[in-house]
Each structure stands twice: as C-alpha cells, then as structure tokens.
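Chemist: What follows is coords02.cif, mmCIF, N, CA and C atoms.
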data_target
#
loop_
_atom_site.label_atom_id
_atom_site.label_comp_id
_atom_site.auth_asym_id
_atom_site.auth_seq_id
_atom_site.Cartn_x
_atom_site.Cartn_y
_atom_site.Cartn_z
N MET A 20 0.84 -1.17 0.00
CA MET A 20 0.00 0.00 0.00
C MET A 20 0.89 1.24 0.00
N HIS A 21 0.58 2.20 -0.85
CA HIS A 21 1.33 3.45 -0.95
C HIS A 21 0.47 4.56 -0.34
N LEU A 22 1.08 5.37 0.54
CA LEU A 22 0.36 6.44 1.21
C LEU A 22 1.03 7.76 0.88
N GLU A 23 0.31 8.62 0.17
CA GLU A 23 0.85 9.94 -0.16
C GLU A 23 -0.20 10.97 0.18
N MET A 24 0.21 12.03 0.90
CA MET A 24 -0.73 13.06 1.30
C MET A 24 -0.20 14.41 0.93
N GLN A 25 -1.06 15.24 0.34
CA GLN A 25 -0.63 16.54 -0.16
C GLN A 25 -0.89 17.67 0.82
N GLY A 26 -2.07 17.76 1.38
CA GLY A 26 -2.42 18.87 2.25
C GLY A 26 -3.30 18.43 3.39
N LEU A 27 -3.66 19.39 4.22
CA LEU A 27 -4.46 19.10 5.40
C LEU A 27 -5.83 18.53 5.03
N GLU A 28 -6.50 19.14 4.06
CA GLU A 28 -7.83 18.67 3.67
C GLU A 28 -7.75 17.25 3.08
N ALA A 29 -6.73 17.01 2.26
CA ALA A 29 -6.56 15.69 1.67
C ALA A 29 -6.25 14.66 2.74
N LEU A 30 -5.44 15.05 3.71
CA LEU A 30 -5.09 14.14 4.80
C LEU A 30 -6.32 13.76 5.60
N LEU A 31 -7.13 14.75 5.95
CA LEU A 31 -8.34 14.46 6.72
C LEU A 31 -9.32 13.61 5.93
N GLN A 32 -9.42 13.84 4.63
CA GLN A 32 -10.29 13.02 3.79
C GLN A 32 -9.77 11.59 3.70
N ASN A 33 -8.45 11.43 3.56
CA ASN A 33 -7.86 10.09 3.47
C ASN A 33 -7.97 9.33 4.78
N LEU A 34 -8.02 10.03 5.89
CA LEU A 34 -8.16 9.36 7.19
C LEU A 34 -9.43 8.52 7.24
N THR A 35 -10.50 9.03 6.65
CA THR A 35 -11.76 8.29 6.68
C THR A 35 -11.71 7.03 5.83
N ASN A 36 -10.82 6.98 4.85
CA ASN A 36 -10.74 5.84 3.95
C ASN A 36 -9.71 4.79 4.37
N LEU A 37 -8.89 5.09 5.37
CA LEU A 37 -7.84 4.17 5.79
C LEU A 37 -8.35 3.17 6.82
N PRO A 38 -7.79 1.95 6.82
CA PRO A 38 -8.16 0.96 7.84
C PRO A 38 -7.40 1.28 9.13
N LEU A 39 -7.78 2.33 9.80
CA LEU A 39 -7.05 2.86 10.94
C LEU A 39 -7.92 2.78 12.19
N GLU A 40 -7.34 2.31 13.27
CA GLU A 40 -8.05 2.25 14.54
C GLU A 40 -8.26 3.67 15.07
N GLU A 41 -9.30 3.86 15.82
CA GLU A 41 -9.60 5.19 16.36
C GLU A 41 -8.47 5.69 17.28
N ALA A 42 -7.88 4.80 18.05
CA ALA A 42 -6.79 5.19 18.95
C ALA A 42 -5.59 5.69 18.16
N ASP A 43 -5.28 5.04 17.04
CA ASP A 43 -4.17 5.48 16.20
C ASP A 43 -4.47 6.83 15.53
N GLU A 44 -5.71 6.99 15.11
CA GLU A 44 -6.13 8.26 14.51
C GLU A 44 -6.01 9.39 15.54
N ASN A 45 -6.46 9.14 16.76
CA ASN A 45 -6.38 10.15 17.82
C ASN A 45 -4.93 10.47 18.16
N LYS A 46 -4.07 9.47 18.15
CA LYS A 46 -2.65 9.69 18.43
C LYS A 46 -2.04 10.61 17.37
N ALA A 47 -2.38 10.40 16.11
CA ALA A 47 -1.88 11.24 15.03
C ALA A 47 -2.42 12.67 15.16
N LEU A 48 -3.69 12.80 15.48
CA LEU A 48 -4.28 14.13 15.64
C LEU A 48 -3.67 14.86 16.83
N ASN A 49 -3.42 14.15 17.93
CA ASN A 49 -2.80 14.78 19.10
C ASN A 49 -1.39 15.27 18.79
N ALA A 50 -0.64 14.49 18.03
CA ALA A 50 0.72 14.90 17.66
C ALA A 50 0.68 16.15 16.78
N ALA A 51 -0.25 16.22 15.85
CA ALA A 51 -0.37 17.39 14.99
C ALA A 51 -0.84 18.60 15.79
N ALA A 52 -1.76 18.39 16.73
CA ALA A 52 -2.25 19.49 17.57
C ALA A 52 -1.13 20.07 18.42
N LYS A 53 -0.22 19.22 18.86
CA LYS A 53 0.91 19.69 19.66
C LYS A 53 1.81 20.61 18.84
N VAL A 54 2.03 20.26 17.57
CA VAL A 54 2.85 21.09 16.68
C VAL A 54 2.19 22.46 16.48
N VAL A 55 0.89 22.47 16.24
CA VAL A 55 0.17 23.72 16.02
C VAL A 55 0.16 24.55 17.30
N LYS A 56 -0.07 23.90 18.43
CA LYS A 56 -0.10 24.61 19.72
C LYS A 56 1.23 25.31 19.98
N GLU A 57 2.33 24.64 19.75
CA GLU A 57 3.65 25.24 19.97
C GLU A 57 3.88 26.44 19.05
N ALA A 58 3.40 26.35 17.81
CA ALA A 58 3.56 27.46 16.88
C ALA A 58 2.70 28.66 17.31
N VAL A 59 1.51 28.40 17.80
CA VAL A 59 0.63 29.48 18.26
C VAL A 59 1.24 30.14 19.50
N ILE A 60 1.79 29.35 20.41
CA ILE A 60 2.45 29.91 21.60
C ILE A 60 3.62 30.80 21.18
N GLU A 61 4.35 30.36 20.19
CA GLU A 61 5.50 31.14 19.69
C GLU A 61 5.05 32.48 19.12
N GLU A 62 3.89 32.53 18.47
CA GLU A 62 3.38 33.75 17.86
C GLU A 62 2.61 34.63 18.83
N ALA A 63 2.17 34.09 19.95
CA ALA A 63 1.35 34.85 20.89
C ALA A 63 2.13 36.02 21.47
N PRO A 64 1.44 37.14 21.67
CA PRO A 64 2.13 38.31 22.23
C PRO A 64 2.50 38.06 23.70
N GLN A 65 3.62 38.63 24.10
CA GLN A 65 4.10 38.50 25.48
C GLN A 65 3.52 39.64 26.31
N ASP A 66 2.99 39.32 27.48
CA ASP A 66 2.48 40.34 28.40
C ASP A 66 3.68 41.05 29.01
N LYS A 67 3.87 42.31 28.65
CA LYS A 67 5.05 43.05 29.11
C LYS A 67 5.01 43.39 30.59
N ARG A 68 3.80 43.53 31.13
CA ARG A 68 3.68 43.90 32.53
C ARG A 68 3.93 42.72 33.46
N ASN A 69 3.38 41.57 33.13
CA ASN A 69 3.49 40.42 34.03
C ASN A 69 3.47 39.14 33.20
N SER A 70 4.62 38.67 32.78
CA SER A 70 4.70 37.51 31.89
C SER A 70 4.34 36.21 32.59
N SER A 71 4.39 36.17 33.91
CA SER A 71 4.06 34.94 34.62
C SER A 71 2.60 34.90 35.05
N SER A 72 1.83 35.87 34.61
CA SER A 72 0.43 35.97 34.99
C SER A 72 -0.36 34.76 34.51
N LYS A 73 -1.33 34.34 35.32
CA LYS A 73 -2.18 33.21 34.94
C LYS A 73 -3.09 33.55 33.77
N SER A 74 -3.35 34.85 33.55
CA SER A 74 -4.21 35.25 32.44
C SER A 74 -3.40 35.58 31.18
N SER A 75 -2.09 35.42 31.21
CA SER A 75 -1.24 35.66 30.04
C SER A 75 -1.65 34.71 28.91
N ILE A 76 -1.68 35.22 27.71
CA ILE A 76 -2.11 34.40 26.57
C ILE A 76 -1.17 33.22 26.38
N LYS A 77 0.13 33.46 26.43
CA LYS A 77 1.10 32.37 26.22
C LYS A 77 0.90 31.23 27.21
N ASN A 78 0.52 31.55 28.44
CA ASN A 78 0.33 30.53 29.47
C ASN A 78 -1.00 29.80 29.36
N ASN A 79 -1.91 30.29 28.53
CA ASN A 79 -3.26 29.73 28.47
C ASN A 79 -3.60 29.02 27.18
N ILE A 80 -2.69 28.91 26.25
CA ILE A 80 -3.00 28.20 25.01
C ILE A 80 -2.96 26.71 25.30
N LYS A 81 -4.06 26.05 25.06
CA LYS A 81 -4.23 24.64 25.39
C LYS A 81 -4.66 23.85 24.15
N ALA A 82 -4.38 22.56 24.18
CA ALA A 82 -4.86 21.65 23.13
C ALA A 82 -5.69 20.57 23.82
N THR A 83 -6.90 20.37 23.34
CA THR A 83 -7.72 19.30 23.90
C THR A 83 -7.37 18.00 23.19
N ARG A 84 -7.51 16.92 23.89
CA ARG A 84 -7.21 15.60 23.31
C ARG A 84 -8.21 15.31 22.20
N ALA A 85 -7.74 14.61 21.20
CA ALA A 85 -8.56 14.29 20.04
C ALA A 85 -9.75 13.44 20.46
N LYS A 86 -10.90 13.80 19.92
CA LYS A 86 -12.14 13.06 20.18
C LYS A 86 -13.01 13.20 18.94
N ASP A 87 -13.56 12.12 18.48
CA ASP A 87 -14.42 12.12 17.29
C ASP A 87 -13.72 12.75 16.08
N GLY A 88 -12.43 12.46 15.91
CA GLY A 88 -11.68 12.94 14.77
C GLY A 88 -11.37 14.43 14.80
N GLU A 89 -11.34 15.00 16.01
CA GLU A 89 -11.12 16.43 16.13
C GLU A 89 -10.26 16.75 17.34
N ALA A 90 -9.22 17.53 17.15
CA ALA A 90 -8.41 18.05 18.25
C ALA A 90 -8.50 19.57 18.17
N LYS A 91 -8.69 20.22 19.31
CA LYS A 91 -8.89 21.67 19.32
C LYS A 91 -7.76 22.36 20.07
N ILE A 92 -7.36 23.50 19.55
CA ILE A 92 -6.41 24.37 20.23
C ILE A 92 -7.19 25.63 20.58
N HIS A 93 -7.13 26.03 21.84
CA HIS A 93 -7.92 27.19 22.29
C HIS A 93 -7.12 28.01 23.29
N THR A 94 -7.66 29.14 23.69
CA THR A 94 -6.95 30.05 24.57
C THR A 94 -7.30 29.89 26.03
N GLY A 95 -8.04 28.90 26.40
CA GLY A 95 -8.30 28.61 27.81
C GLY A 95 -8.79 29.80 28.59
N GLY A 96 -8.06 30.17 29.65
CA GLY A 96 -8.48 31.25 30.55
C GLY A 96 -8.12 32.64 30.08
N ALA A 97 -7.52 32.78 28.93
CA ALA A 97 -7.19 34.11 28.42
C ALA A 97 -8.43 34.66 27.72
N TYR A 98 -9.36 35.17 28.52
CA TYR A 98 -10.66 35.60 28.01
C TYR A 98 -10.55 36.76 27.01
N HIS A 99 -9.43 37.47 26.99
CA HIS A 99 -9.26 38.63 26.13
C HIS A 99 -8.55 38.31 24.81
N ALA A 100 -8.20 37.06 24.57
CA ALA A 100 -7.41 36.70 23.38
C ALA A 100 -8.13 37.03 22.08
N HIS A 101 -9.44 36.90 22.05
CA HIS A 101 -10.17 37.19 20.82
C HIS A 101 -10.09 38.68 20.45
N ILE A 102 -9.95 39.55 21.45
CA ILE A 102 -9.82 40.98 21.17
C ILE A 102 -8.46 41.25 20.54
N ILE A 103 -7.43 40.58 21.05
CA ILE A 103 -6.09 40.76 20.49
C ILE A 103 -6.03 40.19 19.07
N GLU A 104 -6.63 39.03 18.86
CA GLU A 104 -6.61 38.39 17.54
C GLU A 104 -7.33 39.25 16.50
N GLY A 105 -8.51 39.74 16.82
CA GLY A 105 -9.32 40.44 15.82
C GLY A 105 -9.33 41.94 15.93
N GLY A 106 -8.81 42.50 17.02
CA GLY A 106 -8.81 43.94 17.21
C GLY A 106 -10.14 44.42 17.77
N ARG A 107 -10.22 45.74 17.97
CA ARG A 107 -11.44 46.32 18.53
C ARG A 107 -11.52 47.77 18.09
N SER A 108 -12.71 48.24 17.82
CA SER A 108 -12.88 49.64 17.46
C SER A 108 -13.06 50.47 18.73
N ALA A 109 -12.87 51.76 18.61
CA ALA A 109 -13.03 52.65 19.75
C ALA A 109 -14.51 52.77 20.09
N GLY A 110 -14.78 53.16 21.31
CA GLY A 110 -16.17 53.31 21.70
C GLY A 110 -16.32 54.03 23.02
N ARG A 111 -17.58 54.22 23.39
CA ARG A 111 -17.87 54.83 24.68
C ARG A 111 -19.25 54.37 25.12
N LYS A 112 -19.46 54.46 26.43
CA LYS A 112 -20.70 53.95 26.99
C LYS A 112 -20.90 54.58 28.36
N TYR A 113 -22.14 54.79 28.74
CA TYR A 113 -22.43 55.25 30.08
C TYR A 113 -22.56 54.05 30.99
N ALA A 114 -21.93 54.14 32.16
CA ALA A 114 -21.98 53.04 33.12
C ALA A 114 -22.21 53.62 34.51
N LEU A 115 -22.81 52.83 35.38
CA LEU A 115 -23.02 53.27 36.76
C LEU A 115 -21.77 52.99 37.58
N LYS A 116 -21.33 54.00 38.31
CA LYS A 116 -20.20 53.84 39.20
C LYS A 116 -20.50 54.64 40.46
N ASN A 117 -20.55 53.95 41.59
CA ASN A 117 -20.90 54.59 42.86
C ASN A 117 -22.25 55.29 42.78
N GLY A 118 -23.18 54.69 42.08
CA GLY A 118 -24.53 55.24 41.97
C GLY A 118 -24.68 56.37 40.98
N LYS A 119 -23.62 56.74 40.28
CA LYS A 119 -23.68 57.83 39.31
C LYS A 119 -23.37 57.31 37.92
N ARG A 120 -24.06 57.93 36.94
CA ARG A 120 -23.76 57.58 35.54
C ARG A 120 -22.52 58.31 35.10
N GLN A 121 -21.55 57.55 34.58
CA GLN A 121 -20.32 58.15 34.10
C GLN A 121 -20.02 57.62 32.71
N LEU A 122 -19.41 58.48 31.91
CA LEU A 122 -19.04 58.09 30.55
C LEU A 122 -17.71 57.34 30.59
N VAL A 123 -17.72 56.12 30.03
CA VAL A 123 -16.51 55.31 29.94
C VAL A 123 -16.13 55.24 28.47
N THR A 124 -14.87 55.53 28.16
CA THR A 124 -14.41 55.48 26.76
C THR A 124 -13.23 54.52 26.66
N TRP A 125 -13.03 53.98 25.48
CA TRP A 125 -11.89 53.12 25.22
C TRP A 125 -11.41 53.35 23.79
N GLY A 126 -10.14 53.13 23.60
CA GLY A 126 -9.53 53.37 22.29
C GLY A 126 -9.51 52.12 21.44
N PRO A 127 -9.17 52.30 20.17
CA PRO A 127 -9.11 51.15 19.27
C PRO A 127 -7.88 50.30 19.54
N ILE A 128 -7.97 49.02 19.19
CA ILE A 128 -6.84 48.09 19.26
C ILE A 128 -6.67 47.49 17.88
N ALA A 129 -5.47 47.59 17.35
CA ALA A 129 -5.20 47.00 16.03
C ALA A 129 -5.17 45.48 16.15
N PRO A 130 -5.66 44.77 15.15
CA PRO A 130 -5.64 43.30 15.21
C PRO A 130 -4.21 42.75 15.19
N ASN A 131 -4.01 41.69 15.94
CA ASN A 131 -2.74 40.96 15.96
C ASN A 131 -3.09 39.48 15.80
N PRO A 132 -3.25 39.00 14.57
CA PRO A 132 -3.74 37.63 14.34
C PRO A 132 -2.69 36.56 14.64
N PHE A 133 -2.29 36.45 15.89
CA PHE A 133 -1.25 35.49 16.29
C PHE A 133 -1.71 34.05 16.11
N PHE A 134 -2.96 33.78 16.36
CA PHE A 134 -3.48 32.42 16.23
C PHE A 134 -3.45 31.99 14.76
N THR A 135 -3.88 32.87 13.90
CA THR A 135 -3.88 32.59 12.46
C THR A 135 -2.46 32.38 11.95
N ARG A 136 -1.53 33.26 12.35
CA ARG A 136 -0.13 33.12 11.92
C ARG A 136 0.46 31.80 12.39
N GLY A 137 0.19 31.43 13.66
CA GLY A 137 0.71 30.18 14.20
C GLY A 137 0.18 28.98 13.45
N PHE A 138 -1.12 28.99 13.14
CA PHE A 138 -1.71 27.88 12.40
C PHE A 138 -1.13 27.78 11.01
N GLU A 139 -1.08 28.91 10.31
CA GLU A 139 -0.59 28.89 8.93
C GLU A 139 0.88 28.47 8.85
N SER A 140 1.70 28.90 9.82
CA SER A 140 3.12 28.55 9.76
C SER A 140 3.39 27.10 10.12
N SER A 141 2.48 26.46 10.86
CA SER A 141 2.71 25.09 11.32
C SER A 141 1.90 24.05 10.55
N LYS A 142 1.07 24.49 9.64
CA LYS A 142 0.18 23.56 8.93
C LYS A 142 0.96 22.45 8.22
N GLY A 143 2.02 22.80 7.53
CA GLY A 143 2.81 21.81 6.80
C GLY A 143 3.47 20.80 7.73
N ARG A 144 4.06 21.29 8.81
CA ARG A 144 4.69 20.38 9.78
C ARG A 144 3.66 19.48 10.45
N ALA A 145 2.47 20.03 10.72
CA ALA A 145 1.42 19.23 11.35
C ALA A 145 1.00 18.08 10.43
N VAL A 146 0.89 18.36 9.14
CA VAL A 146 0.53 17.32 8.18
C VAL A 146 1.62 16.25 8.14
N ASP A 147 2.88 16.68 8.15
CA ASP A 147 3.99 15.72 8.14
C ASP A 147 3.99 14.84 9.38
N VAL A 148 3.78 15.45 10.55
CA VAL A 148 3.76 14.69 11.80
C VAL A 148 2.60 13.71 11.80
N MET A 149 1.44 14.16 11.34
CA MET A 149 0.27 13.29 11.30
C MET A 149 0.51 12.13 10.32
N SER A 150 1.10 12.42 9.18
CA SER A 150 1.40 11.37 8.20
C SER A 150 2.37 10.34 8.77
N ASP A 151 3.39 10.81 9.48
CA ASP A 151 4.35 9.90 10.09
C ASP A 151 3.69 8.98 11.11
N GLU A 152 2.82 9.54 11.92
CA GLU A 152 2.11 8.73 12.93
C GLU A 152 1.21 7.68 12.26
N ILE A 153 0.57 8.07 11.17
CA ILE A 153 -0.30 7.12 10.45
C ILE A 153 0.53 6.02 9.82
N ARG A 154 1.66 6.38 9.25
CA ARG A 154 2.56 5.37 8.65
C ARG A 154 3.02 4.38 9.71
N LYS A 155 3.38 4.87 10.88
CA LYS A 155 3.79 3.97 11.97
C LYS A 155 2.66 3.03 12.35
N ALA A 156 1.45 3.56 12.44
CA ALA A 156 0.29 2.75 12.84
C ALA A 156 -0.01 1.68 11.80
N LEU A 157 0.19 2.00 10.53
CA LEU A 157 -0.11 1.05 9.44
C LEU A 157 1.10 0.22 9.03
N ASN A 158 2.21 0.41 9.72
CA ASN A 158 3.48 -0.31 9.42
C ASN A 158 3.91 -0.11 7.97
N LEU A 159 3.91 1.13 7.53
CA LEU A 159 4.32 1.47 6.16
C LEU A 159 5.73 1.99 6.12
#
Kindly present the structure from the file in structure tokens form.
Modeler:
Amino acid sequence: MHLEMQGLEALLQNLTNLPLEEADENKALNAAAKVVKEAVIEEAPQDKRNSSSKSSIKNNIKATRAKDGEAKIHTGGAYHAHIIEGGRSAGRKYALKNGKRQLVTWGPIAPNPFFTRGFESSKGRAVDVMSDEIRKALNL
C-alpha cells in the first residue's frame, strides 16, 4: 500500500478511507495538535507587565485531546485573546459607578492575528507529523 498526502484537507479526507483504529487516529491528531499549539504559543504576544500571569495568553494556550476525529487548540483562561486576535474599534458607553452615571471610553486596538499566523506557519509540519504517525500505525 502506498500512502501519499498533499495537504491538510486531503489528509483528513484520506483518514476516513484508511483501515485505521480510532486510537491510532487520535494519536496522530494529538501529535499534529501539539505542533500547532507550539507554533501558536510562539506567535502569541508577550504580556510586558506580568509575563508569569495566569491570564497571560502564552500561558493559556491549550490543546484538547482528540475526540471524534477532532483536536482543538484554544486560549483557555485568556478571556481577552479574541480581542487581540481580531482587534477592537473605539467606543464609549455610560456606566453606573458609585450610583452615578459616568461616561466610559476606550480606544481602538489594532488586530494581531497570532493564532492565524501560528496555524498557517505550522500547517505543513502538522501534516507531516500526522502522516508519520499514520505510517507507523499502518506499518508502512
């Protein structure tokens, strides 16, 4: 049997056609998720004020174990990561503070698509790692 894979979409499509055990498939997906997670951590912005903070983006990028043919990489407890990834426009709003209405304003934030850059830069390596794991499982 000859196994050749070109891209991520082709690899995922070929996974469904291979005589592969679910445990082996999950192992390959977990290995690829680890590669992508490391690349996203590398691209994530560093918190200049407190790099050891529990809410720091770099400290909160997590990969969930593969389940049902899917492994996810997410930002965990870094609740503000989506604002950094996509940016934010300026705005203002009235809010109650000490029983008084006060105007609260905020400035714009330029997008910093660190998650996208990490995924795009690691996609090829992730496919290679996944292919290697599948070859090992199939004894190719």
Chemist: For the interface of range 34-106 of chain A with range 128-142 of chain A (cut-off 5 Å, counting all atoms listed in the file), please tabulate each contacting residue of range 34-106 of chain A alongside its nearest pair of atoms and their separation in Å to one decimal, rows sorted by chain and increasing number, as a tab-separated table.
Modeler:
residue	atom	partner	partner_atom	distance
A:Ala58	C	A:Gly137	CA	4.0
A:Val59	N	A:Gly137	CA	4.1
A:Glu62	C	A:Phe133	CA	4.7
A:Ile103	C	A:Asn131	N	4.0
A:Glu104	CA	A:Asn131	C	4.1
A:Gly105	C	A:Pro130	CA	4.0
A:Gly106	N	A:Pro130	CA	3.7
Chemist: What is the CA of Ala97 in chain A-CA of Val54 in chain A distance in Å, reported with one decimal?
Modeler: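 It comes out at 20.2 Å.
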Chemist: Would you kindly identify which residues have an atom no farther than 6.5 Å from (-5.1, 20.0, 20.7), using all atoms listed in the file and the file's own coordinates, and write them out as a list of chain:residue names?
Modeler: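 These residues have at least one counted atom within 6.5 Å: A:Asn49, A:Ala52, A:Lys53, A:Lys81, A:Ala82, A:Thr83, A:Arg84, A:Ala85, A:Ala90, A:Lys91, A:Ile92, A:His93.
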Chemist: Would you save the residues of that selection, restricted to N, CA and C atoms, as a PDB file, in the frame of the given file?
Modeler:
ATOM      1  N   ASN A  49      -3.420  14.150  17.930  1.00  0.00           N
ATOM      2  CA  ASN A  49      -2.800  14.780  19.100  1.00  0.00           C
ATOM      3  C   ASN A  49      -1.390  15.270  18.790  1.00  0.00           C
ATOM      4  N   ALA A  52      -1.760  18.390  16.730  1.00  0.00           N
ATOM      5  CA  ALA A  52      -2.250  19.490  17.570  1.00  0.00           C
ATOM      6  C   ALA A  52      -1.130  20.070  18.420  1.00  0.00           C
ATOM      7  N   LYS A  53      -0.220  19.220  18.860  1.00  0.00           N
ATOM      8  CA  LYS A  53       0.910  19.690  19.660  1.00  0.00           C
ATOM      9  C   LYS A  53       1.810  20.610  18.840  1.00  0.00           C
ATOM     10  N   LYS A  81      -4.060  26.050  25.060  1.00  0.00           N
ATOM     11  CA  LYS A  81      -4.230  24.640  25.390  1.00  0.00           C
ATOM     12  C   LYS A  81      -4.660  23.850  24.150  1.00  0.00           C
ATOM     13  N   ALA A  82      -4.380  22.560  24.180  1.00  0.00           N
ATOM     14  CA  ALA A  82      -4.860  21.650  23.130  1.00  0.00           C
ATOM     15  C   ALA A  82      -5.690  20.570  23.820  1.00  0.00           C
ATOM     16  N   THR A  83      -6.900  20.370  23.340  1.00  0.00           N
ATOM     17  CA  THR A  83      -7.720  19.300  23.900  1.00  0.00           C
ATOM     18  C   THR A  83      -7.370  18.000  23.190  1.00  0.00           C
ATOM     19  N   ARG A  84      -7.510  16.920  23.890  1.00  0.00           N
ATOM     20  CA  ARG A  84      -7.210  15.600  23.310  1.00  0.00           C
ATOM     21  C   ARG A  84      -8.210  15.310  22.200  1.00  0.00           C
ATOM     22  N   ALA A  85      -7.740  14.610  21.200  1.00  0.00           N
ATOM     23  CA  ALA A  85      -8.560  14.290  20.040  1.00  0.00           C
ATOM     24  C   ALA A  85      -9.750  13.440  20.460  1.00  0.00           C
ATOM     25  N   ALA A  90      -9.220  17.530  17.150  1.00  0.00           N
ATOM     26  CA  ALA A  90      -8.410  18.050  18.250  1.00  0.00           C
ATOM     27  C   ALA A  90      -8.500  19.570  18.170  1.00  0.00           C
ATOM     28  N   LYS A  91      -8.690  20.220  19.310  1.00  0.00           N
ATOM     29  CA  LYS A  91      -8.890  21.670  19.320  1.00  0.00           C
ATOM     30  C   LYS A  91      -7.760  22.360  20.070  1.00  0.00           C
ATOM     31  N   ILE A  92      -7.360  23.500  19.550  1.00  0.00           N
ATOM     32  CA  ILE A  92      -6.410  24.370  20.230  1.00  0.00           C
ATOM     33  C   ILE A  92      -7.190  25.630  20.580  1.00  0.00           C
ATOM     34  N   HIS A  93      -7.130  26.030  21.840  1.00  0.00           N
ATOM     35  CA  HIS A  93      -7.920  27.190  22.290  1.00  0.00           C
ATOM     36  C   HIS A  93      -7.120  28.010  23.290  1.00  0.00           C
TER      37      HIS A  93
END
Chemist: Can you tell me how far CA of Thr124 in chain A sits from CA of Asn79 in chain A, in Å to one decimal?
Modeler: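 These atoms are spaced 28.1 Å apart.
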Chemist: From range 53-155 of chain A, collect each residue whose DSSP state is helix (DSSP H, G or I) and return the set as a VMD selection string.
Modeler: chain A and resid 53 to 62 76 to 79 100 to 105 133 to 155
Chemist: Using only C-alpha atoms, which residue out of A:Asn45, A:Pro38, A:Ile153, A:Val146 lies closest to Lys86 in chain A?
Modeler: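 Smallest separation from Lys86 in chain A among the options: A:Asn45.
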Chemist: Near range 147-150 of chain A, within 6 Å and counting only N, CA and C atoms, which residues show up once chain neighbours fewer than 5 positions away are dropped, as a ChimeraX atom specification?
Modeler: /A:47-48,50-51,155
Chemist: Just give me the gap between atom N of Gly110 in chain A and atom C of Lys77 in chain A in Å, one decimal is fine.
Modeler: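 About the pair atom N of Gly110 in chain A and atom C of Lys77 in chain A: they are 27.6 Å apart.
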Chemist: Name the residues of chain A that come out as strand (DSSP E) in a backbone DSSP run; write them as a list in words.
Modeler: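 Residues meeting the strand (DSSP E) criterion: Lys81, Ala82, Ile92, His93, Gly110, Arg111, Lys112, Tyr113, Ala114, Leu115, Lys116, Lys119, Arg120, Gln121, Leu122, Val123, Thr124 and Trp125 of chain A.
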Chemist: Any idea what's packed within 9 Å of Glu41 in chain A, counting only C-alpha atoms, ignoring anything in its chain fewer than 3 positions away? Could you give it as JSON, numbers by chain?
Modeler: {"A": [44, 45, 46, 87, 88]}
Chemist: If we count all atoms listed in the file, what is near Lys112 in chain A at a cut-off of 8 Å, once residues fewer than 6 positions away on the same chain are taken out, given as number ranges by chain?
Modeler: A: 120-125
Chemist: Kindly save the residues from that selection, with N, CA and C atoms included, as a PDB file, in the coordinates of the input.
Modeler:
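Writing done, so here's part_17.pdb:
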ATOM      1  N   ARG A 120     -24.060  57.930  36.940  1.00  0.00           N
ATOM      2  CA  ARG A 120     -23.760  57.580  35.540  1.00  0.00           C
ATOM      3  C   ARG A 120     -22.520  58.310  35.100  1.00  0.00           C
ATOM      4  N   GLN A 121     -21.550  57.550  34.580  1.00  0.00           N
ATOM      5  CA  GLN A 121     -20.320  58.150  34.100  1.00  0.00           C
ATOM      6  C   GLN A 121     -20.020  57.620  32.710  1.00  0.00           C
ATOM      7  N   LEU A 122     -19.410  58.480  31.910  1.00  0.00           N
ATOM      8  CA  LEU A 122     -19.040  58.090  30.550  1.00  0.00           C
ATOM      9  C   LEU A 122     -17.710  57.340  30.590  1.00  0.00           C
ATOM     10  N   VAL A 123     -17.720  56.120  30.030  1.00  0.00           N
ATOM     11  CA  VAL A 123     -16.510  55.310  29.940  1.00  0.00           C
ATOM     12  C   VAL A 123     -16.130  55.240  28.470  1.00  0.00           C
ATOM     13  N   THR A 124     -14.870  55.530  28.160  1.00  0.00           N
ATOM     14  CA  THR A 124     -14.410  55.480  26.760  1.00  0.00           C
ATOM     15  C   THR A 124     -13.230  54.520  26.660  1.00  0.00           C
ATOM     16  N   TRP A 125     -13.030  53.980  25.480  1.00  0.00           N
ATOM     17  CA  TRP A 125     -11.890  53.120  25.220  1.00  0.00           C
ATOM     18  C   TRP A 125     -11.410  53.350  23.790  1.00  0.00           C
TER      19      TRP A 125
END
